[in-house]
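The structure appears below as structure tokens.
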Amino acid sequence: MNEPIRQMAERLRGLREALELTPAEIAQQCGIPEADYLQAESGTADISVSLLQKIARHYDVPLDALMFGEKPRMNSYFLTRAGKGTSIERTRAYKYEALAGGFNYRKADPFIVTVEPKEEEVPMYYNTHPGQEFNLMLEGEMLLSIGGKELTLHTGDSIYFNAELPHGMKALGGKPVRFLAVIL
């Protein structure tokens, strides 16, 4: 088990225990399959940002507290210098760098996401979460699937979409992709 996933799993378990809830209650209240929650809490599988966000929003806990173990403290502004955002590599294929991690009570979660290329036969991982999402391509070329529609995005392209639709991404051209993702 990789260390960031193990730590997120411990924070999920700690939150559940503090709320005095069972895994089934958390899953039901947050609208996620109990098996997915149990895998996340045990650290036996990758933990998606969407799963963490559903739990964070439902229990009014900062997403950063679950992802990074840090509670936001700033209320006026929060400056993130280039390449200095708190980052987590959930899997070898995805790296998230939080850009507003220290801002308290924010309305959106902005990240720089890096997607590593995969072999062609590796299936795309699909994700859903409440709200909307904005992506701005910073470098590379990416296949983005939203609700069954496949789109190719290039450097400089942007897209705003309903994040409740199943969506997934894949780096193209054998090179990593970097994009700004803002989850609302």
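If you're wondering about the labels, chains in the structure tokens are A, B, ... by order shown, residues count from 1 in each chain, ligands from 1 in order shown.
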
All strand (DSSP E or B) positions in chain A, as a ChimeraX atom specification:
/A:74,87-89,94-98,103,109-115,127,132-139,141-146,149-154,158-162,167-171,177-183

Tell me which protein, DNA and RNA residues are within 10 Å of Arg6 of chain A, counting only C-alpha atoms, leaving out same-chain ones fewer than 2 positions away, and put them as a PyMOL selection string.
chain A and resi 1-4+8-12+40-47

Just-selected residues, C-alpha atoms written as a short mmCIF file (atom, residue, chain, number, x, y, z; two decimals), in the first residue's frame:
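Printed below is out.cif as written:
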```cif
data_model
loop_
_atom_site.label_atom_id
_atom_site.label_comp_id
_atom_site.auth_asym_id
_atom_site.auth_seq_id
_atom_site.Cartn_x
_atom_site.Cartn_y
_atom_site.Cartn_z
CA MET A 1 0.00 0.00 0.00
CA ASN A 2 1.48 3.40 -0.88
CA GLU A 3 1.96 5.84 1.98
CA PRO A 4 -0.39 8.67 0.83
CA MET A 8 -5.94 9.01 3.61
CA ALA A 9 -7.44 5.67 4.69
CA GLU A 10 -6.50 6.41 8.31
CA ARG A 11 -8.09 9.87 8.10
CA LEU A 12 -11.31 8.39 6.67
CA ALA A 40 -10.95 3.31 0.68
CA GLU A 41 -10.95 3.06 4.46
CA SER A 42 -8.79 -0.07 4.37
CA GLY A 43 -6.36 1.50 1.90
CA THR A 44 -6.54 -1.56 -0.36
CA ALA A 45 -7.46 0.50 -3.43
CA ASP A 46 -6.78 3.93 -4.85
CA ILE A 47 -8.96 6.59 -3.22
#
```

List the spatial neighbours of segment 105-116 of chain A as a count of residues only - criterion: any atom at most 6 Å away, only C-alpha atoms, same-chain residues fewer than 2 positions off excluded.
16

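Atom CA of Met169 of chain A sits 21.8 Å away from atom CA of Leu63 of chain A.
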
Report, in Å to a single decimal, how far apart atom CA of Gln53 of chain A and atom CA of His129 of chain A are.
7.5 Å

Within 12 Å of Val61 of chain A using only C-alpha atoms, minus same-chain residues under 2 positions, as a list in words
Arg11, Leu12, Leu15, Arg16, Leu19, Leu52, Gln53, Lys54, Ile55, Ala56, Arg57, His58, Tyr59, Leu63, Asp64, Ala65, Leu66, Met67, Gly69, Glu70, Lys71, Pro72, Asn104, Tyr105 and Arg106 of chain A

Non-local contacts of Tyr160 of chain A (10 Å; only C-alpha atoms; under 2 positions in same chain excluded) as an MDAnalysis selection string:
chainID A and resid 132:136 158 162:163 181:183

Using atom CA of Asp157 of chain A and atom CA of Ser50 of chain A as the two end points, give the distance in Å to one decimal.
22.9 Å

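The list of residues with at least one atom within 9 Å of Leu172 of chain A, based on only C-alpha atoms and without residues fewer than 3 positions apart in the same chain, reads Pro117, Lys118, Gly140, Glu141, Met142, Leu143, Thr152, Lys175, Pro176 and Val177 of chain A.
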
I want to know what sits within 12 Å of Glu34 of chain A, based on only C-alpha atoms, with residues of the same chain fewer than 4 positions away left out; could you give that as a count of residues only?
14

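Considering only C-alpha atoms, the residue among A:Gly102, A:Ile5, A:Leu79, A:Glu164 positioned nearest to Pro130 of chain A is A:Glu164.
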
Per DSSP on the backbone, what are the helix (DSSP H, G or I) residues of segment 5-133 of chain A, as number ranges by chain?
A: 5-19, 23-30, 34-42, 49-58, 63-67

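Of the listed residues A:Pro62, A:Gly156, A:Gly85, A:Gly168, the one whose atoms come nearest to Thr128 of chain A is A:Gly168, with distances taken using only C-alpha atoms.
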
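When only C-alpha atoms are used to measure the gap to Gln7 of chain A, the shortest distance among A:Phe68, A:Ser48, A:Tyr37, A:Ile32 belongs to A:Phe68.
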